[in-house]
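File shown here: query38.cif, holding mmCIF, C-alpha atoms and all ligand atoms.
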```
data_start
#
loop_
_atom_site.group_PDB
_atom_site.id
_atom_site.type_symbol
_atom_site.label_atom_id
_atom_site.label_comp_id
_atom_site.auth_asym_id
_atom_site.auth_seq_id
_atom_site.Cartn_x
_atom_site.Cartn_y
_atom_site.Cartn_z
ATOM 1 C CA MET A 1 94.017 88.527 125.182
ATOM 2 C CA THR A 2 91.975 85.363 124.863
ATOM 3 C CA GLY A 3 92.074 82.443 122.470
ATOM 4 C CA SER A 4 89.399 81.933 119.887
ATOM 5 C CA SER A 5 87.655 78.771 118.855
ATOM 6 C CA GLY A 6 87.583 79.832 115.198
ATOM 7 C CA ASN A 7 91.151 81.170 115.149
ATOM 8 C CA THR A 8 92.770 80.647 111.721
ATOM 9 C CA GLY A 9 96.293 81.288 112.979
ATOM 10 C CA ARG A 10 96.371 84.388 110.796
ATOM 11 C CA VAL A 11 97.241 87.772 112.250
ATOM 12 C CA CYS A 12 95.981 91.161 111.181
ATOM 13 C CA PHE A 13 97.347 94.526 112.376
ATOM 14 C CA ILE A 14 94.975 97.471 111.972
ATOM 15 C CA THR A 15 95.896 101.120 112.456
ATOM 16 C CA GLY A 16 93.101 103.525 113.363
ATOM 17 C CA ALA A 17 91.227 100.683 115.073
ATOM 18 C CA SER A 18 89.698 102.816 117.841
ATOM 19 C CA SER A 19 86.736 104.041 115.795
ATOM 20 C CA GLY A 20 84.905 104.092 112.469
ATOM 21 C CA LEU A 21 86.125 101.904 109.617
ATOM 22 C CA GLY A 22 89.148 100.543 111.516
ATOM 23 C CA LYS A 23 87.011 99.432 114.447
ATOM 24 C CA GLY A 24 84.417 97.944 112.082
ATOM 25 C CA LEU A 25 87.117 96.018 110.199
ATOM 26 C CA ALA A 26 88.684 94.784 113.458
ATOM 27 C CA LEU A 27 85.378 93.368 114.724
ATOM 28 C CA ARG A 28 84.579 91.824 111.347
ATOM 29 C CA LEU A 29 88.020 90.300 110.700
ATOM 30 C CA ALA A 30 88.149 88.857 114.234
ATOM 31 C CA ARG A 31 84.893 87.056 113.396
ATOM 32 C CA GLU A 32 86.663 85.666 110.287
ATOM 33 C CA GLY A 33 89.213 84.091 112.632
ATOM 34 C CA TYR A 34 92.047 86.623 112.483
ATOM 35 C CA ALA A 35 93.925 87.404 115.695
ATOM 36 C CA VAL A 36 93.862 91.200 115.610
ATOM 37 C CA GLY A 37 96.499 93.737 116.687
ATOM 38 C CA LEU A 38 94.676 97.018 117.313
ATOM 39 C CA SER A 39 96.428 100.368 117.084
ATOM 40 C CA ALA A 40 95.485 104.048 117.500
ATOM 41 C CA ARG A 41 96.165 106.733 120.130
ATOM 42 C CA ARG A 42 93.057 106.376 122.341
ATOM 43 C CA GLU A 43 93.878 103.429 124.593
ATOM 44 C CA THR A 44 90.482 103.270 126.306
ATOM 45 C CA LEU A 45 88.645 102.953 123.003
ATOM 46 C CA LEU A 46 91.097 100.290 121.806
ATOM 47 C CA ALA A 47 90.548 98.346 125.046
ATOM 48 C CA GLU A 48 86.788 98.500 124.449
ATOM 49 C CA VAL A 49 87.222 97.080 120.929
ATOM 50 C CA ALA A 50 89.552 94.343 122.280
ATOM 51 C CA ASP A 51 87.037 93.483 125.048
ATOM 52 C CA ARG A 52 84.217 93.200 122.527
ATOM 53 C CA ILE A 53 86.260 90.897 120.279
ATOM 54 C CA GLN A 54 87.195 88.739 123.272
ATOM 55 C CA GLU A 55 83.560 88.561 124.435
ATOM 56 C CA GLU A 56 82.735 87.185 120.979
ATOM 57 C CA GLY A 57 85.430 84.503 121.389
ATOM 58 C CA GLY A 58 88.094 86.206 119.267
ATOM 59 C CA THR A 59 91.652 87.277 119.928
ATOM 60 C CA ALA A 60 92.693 90.930 120.078
ATOM 61 C CA VAL A 61 95.491 92.900 121.698
ATOM 62 C CA SER A 62 95.966 96.676 121.769
ATOM 63 C CA PHE A 63 99.229 98.319 120.713
ATOM 64 C CA PRO A 64 98.563 102.053 121.145
ATOM 65 C CA CYS A 65 100.761 104.516 119.313
ATOM 66 C CA ASP A 66 100.700 107.645 117.170
ATOM 67 C CA ALA A 67 100.723 106.669 113.483
ATOM 68 C CA SER A 68 102.989 109.614 112.668
ATOM 69 C CA ASP A 69 105.738 108.390 115.031
ATOM 70 C CA GLY A 70 107.750 105.965 112.865
ATOM 71 C CA PRO A 71 109.775 104.206 115.602
ATOM 72 C CA ALA A 72 106.624 103.868 117.760
ATOM 73 C CA VAL A 73 104.716 102.261 114.867
ATOM 74 C CA VAL A 74 107.548 99.817 114.139
ATOM 75 C CA SER A 75 107.821 98.945 117.846
ATOM 76 C CA ALA A 76 104.044 98.412 118.120
ATOM 77 C CA ILE A 77 104.094 95.987 115.180
ATOM 78 C CA ARG A 78 107.167 94.171 116.557
ATOM 79 C CA ARG A 79 105.347 93.712 119.893
ATOM 80 C CA CYS A 80 102.264 92.516 118.043
ATOM 81 C CA GLU A 81 104.313 89.893 116.199
ATOM 82 C CA GLU A 82 105.966 88.735 119.443
ATOM 83 C CA THR A 83 102.526 88.376 121.051
ATOM 84 C CA LEU A 84 100.324 87.072 118.231
ATOM 85 C CA GLY A 85 102.742 85.858 115.544
ATOM 86 C CA PRO A 86 103.765 87.196 112.121
ATOM 87 C CA VAL A 87 101.406 89.767 110.627
ATOM 88 C CA ASN A 88 99.764 88.302 107.503
ATOM 89 C CA LEU A 89 97.477 91.264 106.879
ATOM 90 C CA LEU A 90 98.285 94.931 107.498
ATOM 91 C CA ILE A 91 95.454 97.429 107.258
ATOM 92 C CA ALA A 92 96.910 100.949 107.081
ATOM 93 C CA ASN A 93 93.755 102.851 107.943
ATOM 94 C CA ALA A 94 94.659 105.551 110.498
ATOM 95 C CA GLY A 95 93.754 108.927 109.107
ATOM 96 C CA MET A 96 92.701 112.430 109.897
ATOM 97 C CA SER A 97 91.008 115.161 107.913
ATOM 98 C CA LEU A 98 91.793 118.842 108.176
ATOM 99 C CA ASN A 99 90.604 121.659 105.997
ATOM 100 C CA THR A 100 93.272 123.638 104.195
ATOM 101 C CA LEU A 101 92.041 127.234 104.134
ATOM 102 C CA VAL A 102 93.871 129.855 102.095
ATOM 103 C CA ASP A 103 93.226 132.688 104.565
ATOM 104 C CA SER A 104 94.760 130.779 107.488
ATOM 105 C CA PHE A 105 97.267 128.742 105.503
ATOM 106 C CA ASP A 106 99.424 126.681 107.791
ATOM 107 C CA ALA A 107 102.207 124.398 106.585
ATOM 108 C CA ALA A 108 102.342 122.680 109.992
ATOM 109 C CA GLY A 109 98.762 121.454 109.497
ATOM 110 C CA VAL A 110 99.644 120.090 106.065
ATOM 111 C CA GLU A 111 102.704 118.347 107.522
ATOM 112 C CA LYS A 112 100.559 116.696 110.216
ATOM 113 C CA VAL A 113 98.040 115.348 107.689
ATOM 114 C CA LEU A 114 100.811 113.965 105.456
ATOM 115 C CA ASP A 115 102.588 112.471 108.488
ATOM 116 C CA VAL A 116 99.517 110.626 109.753
ATOM 117 C CA ASN A 117 97.787 109.655 106.505
ATOM 118 C CA LEU A 118 100.713 108.963 104.186
ATOM 119 C CA LEU A 119 103.866 108.407 106.236
ATOM 120 C CA GLY A 120 101.934 106.548 108.947
ATOM 121 C CA ALA A 121 101.039 103.917 106.346
ATOM 122 C CA VAL A 122 104.632 103.853 105.105
ATOM 123 C CA TYR A 123 106.027 103.258 108.636
ATOM 124 C CA ALA A 124 103.607 100.362 109.179
ATOM 125 C CA THR A 125 104.602 98.914 105.806
ATOM 126 C CA GLU A 126 108.292 99.075 106.738
ATOM 127 C CA ALA A 127 107.544 97.051 109.863
ATOM 128 C CA VAL A 128 105.800 94.173 108.040
ATOM 129 C CA LEU A 129 107.248 94.061 104.534
ATOM 130 C CA ALA A 130 110.548 92.215 105.083
ATOM 131 C CA GLY A 131 108.802 89.454 107.061
ATOM 132 C CA MET A 132 106.094 89.093 104.439
ATOM 133 C CA LEU A 133 108.709 88.841 101.682
ATOM 134 C CA ASP A 134 110.673 86.222 103.666
ATOM 135 C CA ARG A 135 107.528 84.154 104.067
ATOM 136 C CA GLY A 136 106.428 84.784 100.465
ATOM 137 C CA ASP A 137 102.973 85.680 101.744
ATOM 138 C CA GLY A 138 101.172 88.751 102.982
ATOM 139 C CA GLN A 139 98.669 91.458 102.185
ATOM 140 C CA ILE A 140 98.879 95.200 102.713
ATOM 141 C CA VAL A 141 95.650 97.180 102.570
ATOM 142 C CA ALA A 142 95.845 100.947 102.159
ATOM 143 C CA VAL A 143 92.675 102.789 103.172
ATOM 144 C CA SER A 144 92.950 105.828 100.937
ATOM 145 C CA SER A 145 90.034 107.970 99.672
ATOM 146 C CA ILE A 146 88.351 109.159 96.506
ATOM 147 C CA ALA A 147 89.569 112.570 97.719
ATOM 148 C CA GLY A 148 92.893 111.451 96.237
ATOM 149 C CA PHE A 149 91.415 111.253 92.713
ATOM 150 C CA ALA A 150 91.521 115.047 92.288
ATOM 151 C CA GLY A 151 92.531 118.192 94.165
ATOM 152 C CA LEU A 152 89.310 118.907 96.049
ATOM 153 C CA PRO A 153 88.538 122.402 97.318
ATOM 154 C CA MET A 154 89.544 123.202 100.923
ATOM 155 C CA SER A 155 91.186 119.782 101.027
ATOM 156 C CA ALA A 156 94.675 120.408 99.662
ATOM 157 C CA ALA A 157 96.399 118.518 102.480
ATOM 158 C CA TYR A 158 93.864 115.680 102.662
ATOM 159 C CA SER A 159 93.680 115.265 98.857
ATOM 160 C CA ALA A 160 97.481 115.319 98.636
ATOM 161 C CA SER A 161 97.830 112.746 101.426
ATOM 162 C CA LYS A 162 95.312 110.382 99.849
ATOM 163 C CA GLY A 163 96.512 110.913 96.264
ATOM 164 C CA GLY A 164 100.024 110.205 97.562
ATOM 165 C CA MET A 165 98.811 107.137 99.393
ATOM 166 C CA THR A 166 97.004 105.721 96.376
ATOM 167 C CA ASN A 167 100.002 106.238 94.095
ATOM 168 C CA PHE A 168 102.493 105.018 96.706
ATOM 169 C CA PHE A 169 100.691 101.723 97.259
ATOM 170 C CA GLU A 170 99.918 101.304 93.565
ATOM 171 C CA SER A 171 103.667 101.520 92.839
ATOM 172 C CA LEU A 172 104.383 99.065 95.615
ATOM 173 C CA ARG A 173 101.732 96.687 94.291
ATOM 174 C CA ILE A 174 103.491 96.537 90.934
ATOM 175 C CA ASP A 175 106.942 96.140 92.495
ATOM 176 C CA LEU A 176 105.641 93.277 94.648
ATOM 177 C CA ARG A 177 104.174 91.282 91.751
ATOM 178 C CA GLY A 178 105.159 87.633 91.997
ATOM 179 C CA THR A 179 106.424 87.865 95.578
ATOM 180 C CA GLY A 180 103.269 86.542 97.254
ATOM 181 C CA VAL A 181 102.706 89.916 98.887
ATOM 182 C CA ASP A 182 99.549 91.586 97.601
ATOM 183 C CA VAL A 183 98.533 95.216 97.929
ATOM 184 C CA THR A 184 94.897 96.322 97.997
ATOM 185 C CA VAL A 185 94.158 100.032 97.625
ATOM 186 C CA ILE A 186 90.722 100.994 98.945
ATOM 187 C CA THR A 187 89.250 104.376 98.055
ATOM 188 C CA PRO A 188 85.979 104.972 99.911
ATOM 189 C CA GLY A 189 83.597 107.822 99.251
ATOM 190 C CA PHE A 190 81.598 109.073 102.241
ATOM 191 C CA VAL A 191 80.935 106.621 105.078
ATOM 192 C CA ARG A 192 79.119 107.462 108.349
ATOM 193 C CA THR A 193 81.912 107.512 110.949
ATOM 194 C CA PRO A 194 83.124 110.027 113.548
ATOM 195 C CA MET A 195 85.254 111.561 110.751
ATOM 196 C CA THR A 196 82.212 112.537 108.691
ATOM 197 C CA ASP A 197 79.966 113.303 111.702
ATOM 198 C CA HIS A 198 81.343 116.845 111.913
ATOM 199 C CA ASN A 199 80.832 117.581 108.193
ATOM 200 C CA ARG A 200 78.136 120.124 107.432
ATOM 201 C CA HIS A 201 78.551 120.017 103.644
ATOM 202 C CA ALA A 202 76.602 117.639 101.391
ATOM 203 C CA MET A 203 77.920 114.073 101.372
ATOM 204 C CA PRO A 204 76.414 112.455 98.258
ATOM 205 C CA PHE A 205 75.829 108.681 98.310
ATOM 206 C CA ILE A 206 76.979 108.460 101.953
ATOM 207 C CA MET A 207 77.028 104.847 103.176
ATOM 208 C CA ASP A 208 76.426 103.306 106.573
ATOM 209 C CA LEU A 209 79.418 101.753 108.275
ATOM 210 C CA GLU A 210 78.323 98.095 108.142
ATOM 211 C CA PRO A 211 77.833 97.790 104.351
ATOM 212 C CA ALA A 212 81.044 99.739 103.776
ATOM 213 C CA VAL A 213 82.999 97.349 106.020
ATOM 214 C CA GLU A 214 81.348 94.407 104.262
ATOM 215 C CA LEU A 215 82.536 95.660 100.839
ATOM 216 C CA MET A 216 86.042 96.194 102.203
ATOM 217 C CA VAL A 217 86.228 92.727 103.769
ATOM 218 C CA LYS A 218 85.092 91.123 100.496
ATOM 219 C CA ALA A 219 87.850 92.946 98.592
ATOM 220 C CA ILE A 220 90.408 91.975 101.237
ATOM 221 C CA ARG A 221 89.323 88.325 101.149
ATOM 222 C CA LYS A 222 89.639 88.251 97.338
ATOM 223 C CA ARG A 223 92.985 90.080 97.546
ATOM 224 C CA LYS A 224 91.632 92.557 95.007
ATOM 225 C CA LYS A 225 94.059 95.141 93.658
ATOM 226 C CA SER A 226 91.681 98.016 94.349
ATOM 227 C CA LEU A 227 88.203 98.899 95.514
ATOM 228 C CA ALA A 228 86.458 102.244 94.988
ATOM 229 C CA PHE A 229 82.987 102.718 96.442
ATOM 230 C CA PRO A 230 80.175 103.662 96.242
ATOM 231 C CA TRP A 231 80.543 103.307 92.483
ATOM 232 C CA PRO A 232 78.344 106.300 91.447
ATOM 233 C CA LEU A 233 80.433 108.747 93.474
ATOM 234 C CA ALA A 234 83.735 107.021 92.685
ATOM 235 C CA GLY A 235 82.885 107.134 88.955
ATOM 236 C CA LEU A 236 81.863 110.766 89.163
ATOM 237 C CA VAL A 237 84.987 111.922 91.007
ATOM 238 C CA TRP A 238 87.205 109.752 88.777
ATOM 239 C CA SER A 239 85.671 111.347 85.664
ATOM 240 C CA LEU A 240 86.567 114.803 87.020
ATOM 241 C CA ARG A 241 90.213 113.944 86.368
ATOM 242 C CA VAL A 242 89.751 113.949 82.620
ATOM 243 C CA LEU A 243 87.729 117.156 82.409
ATOM 244 C CA PRO A 244 89.480 120.214 80.946
ATOM 245 C CA ARG A 245 90.830 122.045 84.012
ATOM 246 C CA PRO A 246 88.825 125.281 83.472
ATOM 247 C CA ILE A 247 85.617 123.213 83.569
ATOM 248 C CA TYR A 248 86.820 121.241 86.611
ATOM 249 C CA ASP A 249 87.713 124.471 88.447
ATOM 250 C CA TRP A 250 84.308 125.952 87.696
ATOM 251 C CA ILE A 251 82.449 122.859 88.993
ATOM 252 C CA ALA A 252 84.646 122.421 92.084
ATOM 253 C CA SER A 253 84.419 126.100 93.012
ATOM 254 C CA ARG A 254 80.575 125.759 93.241
ATOM 255 C CA ILE A 255 81.124 123.971 96.581
ATOM 256 C CA ASP A 256 79.797 126.259 99.317
ATOM 257 C CA ARG A 257 82.850 127.409 101.274
ATOM 258 C CA THR A 258 80.712 128.794 104.094
ATOM 259 C CA LYS A 259 79.915 125.207 105.081
ATOM 260 C CA ALA A 260 83.507 124.381 106.011
ATOM 261 C CA PRO A 261 83.686 123.308 109.656
ATOM 262 C CA GLU A 262 85.166 125.936 112.001
ATOM 263 C CA ALA A 263 87.959 123.547 112.847
ATOM 264 C CA GLY A 264 88.460 120.584 110.554
ATOM 265 C CA GLY A 265 89.346 117.101 111.650
ATOM 266 C CA PRO A 266 87.756 114.307 113.578
ATOM 267 C CA PRO A 267 87.616 114.287 117.361
ATOM 268 C CA GLY A 268 90.839 112.976 118.848
ATOM 269 C CA PRO A 269 92.855 113.153 122.036
ATOM 270 C CA PRO A 270 94.617 116.386 122.981
ATOM 271 C CA GLU A 271 97.880 116.698 121.071
HETATM 272 N N1 LIG A 301 84.536 108.101 106.661
HETATM 273 C C1 LIG A 301 84.722 108.429 105.389
HETATM 274 O O1 LIG A 301 83.814 108.963 104.720
HETATM 275 C C2 LIG A 301 86.045 108.152 104.731
HETATM 276 C C3 LIG A 301 86.096 108.298 103.336
HETATM 277 C C4 LIG A 301 87.298 108.039 102.684
HETATM 278 C C5 LIG A 301 88.393 107.619 103.400
HETATM 279 N N2 LIG A 301 88.304 107.491 104.756
HETATM 280 C C6 LIG A 301 89.526 107.067 105.444
HETATM 281 O O2 LIG A 301 89.211 105.966 106.268
HETATM 282 C C7 LIG A 301 90.126 105.938 107.372
HETATM 283 C C8 LIG A 301 89.338 105.745 108.642
HETATM 284 O O3 LIG A 301 88.548 106.907 108.847
HETATM 285 P P1 LIG A 301 87.137 106.880 109.602
HETATM 286 O O4 LIG A 301 86.146 107.473 108.696
HETATM 287 O O5 LIG A 301 86.916 105.552 110.195
HETATM 288 O O6 LIG A 301 87.413 107.996 110.701
HETATM 289 P P2 LIG A 301 87.530 107.932 112.303
HETATM 290 O O7 LIG A 301 86.367 107.208 112.889
HETATM 291 O O8 LIG A 301 87.789 109.338 112.716
HETATM 292 O O9 LIG A 301 88.794 107.032 112.546
HETATM 293 C C9 LIG A 301 90.098 107.508 112.329
HETATM 294 C C10 LIG A 301 91.025 106.540 113.031
HETATM 295 O O10 LIG A 301 92.365 106.986 112.789
HETATM 296 C C11 LIG A 301 93.030 107.089 114.034
HETATM 297 N N3 LIG A 301 94.013 108.157 114.013
HETATM 298 C C12 LIG A 301 93.853 109.447 113.671
HETATM 299 N N4 LIG A 301 94.993 110.135 113.859
HETATM 300 C C13 LIG A 301 95.890 109.237 114.352
HETATM 301 C C14 LIG A 301 97.246 109.308 114.761
HETATM 302 N N5 LIG A 301 97.932 110.472 114.741
HETATM 303 N N6 LIG A 301 97.848 108.194 115.206
HETATM 304 C C15 LIG A 301 97.172 107.008 115.278
HETATM 305 N N7 LIG A 301 95.900 106.873 114.898
HETATM 306 C C16 LIG A 301 95.265 107.973 114.448
HETATM 307 C C17 LIG A 301 91.934 107.385 115.052
HETATM 308 O O11 LIG A 301 92.336 106.917 116.333
HETATM 309 P P3 LIG A 301 92.816 107.845 117.565
HETATM 310 O O12 LIG A 301 92.141 109.167 117.434
HETATM 311 O O13 LIG A 301 92.413 107.037 118.745
HETATM 312 O O14 LIG A 301 94.295 107.919 117.419
HETATM 313 C C18 LIG A 301 90.803 106.526 114.527
HETATM 314 O O15 LIG A 301 90.918 105.218 115.014
HETATM 315 C C19 LIG A 301 90.914 107.241 107.299
HETATM 316 O O16 LIG A 301 92.177 107.006 106.727
HETATM 317 C C20 LIG A 301 90.066 108.115 106.396
HETATM 318 O O17 LIG A 301 90.833 109.089 105.737
HETATM 319 C C21 LIG A 301 87.164 107.745 105.429
#
```

Can the structure in the file be given as structure tokens, please?
Ligand SMILES: NC(=O)c1ccc[n+]([C@@H]2O[C@H](COP(=O)([O-])OP(=O)(O)OC[C@H]3O[C@@H](n4cnc5c(N)ncnc54)[C@H](OP(=O)(O)O)[C@@H]3O)[C@@H](O)[C@H]2O)c1
Amino acid sequence: MTGSSGNTGRVCFITGASSGLGKGLALRLAREGYAVGLSARRETLLAEVADRIQEEGGTAVSFPCDASDGPAVVSAIRRCEETLGPVNLLIANAGMSLNTLVDSFDAAGVEKVLDVNLLGAVYATEAVLAGMLDRGDGQIVAVSSIAGFAGLPMSAAYSASKGGMTNFFESLRIDLRGTGVDVTVITPGFVRTPMTDHNRHAMPFIMDLEPAVELMVKAIRKRKKSLAFPWPLAGLVWSLRVLPRPIYDWIASRIDRTKAPEAGGPPGPPE
């Protein structure tokens, strides 16, 4: 850990900070003066992100843990608060994708996706919420997905996890009105990260990482209630919700199933 000349005294804890959007947000928010607590499973990658932030004059400390291990998440955030101070901004971003295939249907895979994507964000929220309420100030950012707008083919677990996440944090946002604790729900479309690198299917309107992070940081800074991007894809997927279901099923079933990856999910450490 090193001090930073532009340190604002504000602390941000980011899950899934070892790669992709989480790493991009960590680098960007450190430049905004946040002291950053970095979390994910891959310690070496986290250390590289922390080193880069420190080289740029920022403050970052790694708190590795598995997002699906509730007590480990709470302990990581407690240690972050002891080291850097109270967390003002939580970014619940850790996530995994995994195809749900009907001919090799596996409830354990579904459980894993829900544990990491949905419950992981809930555990992190438990760790910060009471402190934020006591201080009357805080912001929780849920990195969900437009995949939560509708049940997408071959994505039952992922769509369920992200639909659950969006609704969970939307409920919380309403319940927290007037407390000083804001909730921002972000639903990205496709962004070039290690998660999408393995996709062989079409990814319409895919965005580069930098502009995606820039949009997210703007929404975070303005404490917006929600952000869906890129708007053409977000609008399209959102409009699918209101279609009569026979028409939706017909459109969604046009997706070429032969292009599903052999094994879904982003690269990660051995389980
Ligand atoms: N890229 C897109 O097109 C896109 C679109 C919509 C939503 N999203 C969402 O954006 C978030 C970030 O994804 P990304 O695209 O940046 O993918 P990524 O580069 O694969 O990053 C995923 C991050 O989540 C962490 N993670 C995964 N499983 C974990 C676990 N069990 N415990 C702790 N950390 C875990 C990974 O770290 P370790 O492997 O080191 O643990 C990594 O830091 C995800 O929630 C994803 O669903 C992405």

Next item on the list: Please work out which residues fall within 12 Å of (104.1, 112.9, 101.1), coordinates as given in the file, with all atoms listed in the file counting, and return them as a ChimeraX atom specification.
Entry: /A:110-122,157-168

Check: What residues have any atom no more than 6 Å from ligand LIG 301 (chain A) when counting only C-alpha atoms and all ligand atoms, and can you list them as a ChimeraX atom specification?
Finding: /A:16-22,40-42,65-68,93-96,116,143-145,188-196,266,268

Notebook entry, point to check: Nearest to Leu98 of chain A among A:Arg31, A:Lys218, A:His198, A:Arg254, with distances taken over all atoms listed in the file: which residue is it?
Noted result: A:His198

Note to self: Could you check which residues have any atom within 12 Å of (92.4, 98.1, 104.3), counting only C-alpha atoms with coordinates taken straight from the file, and then list them as a ChimeraX atom specification?
What the structure shows: /A:12-17,21-26,29,89-95,121,139-145,166,169,182-188,212-221,223-228

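Atom CA of Ser75 of chain A is positioned 9.1 Å from atom CA of Phe63 of chain A.
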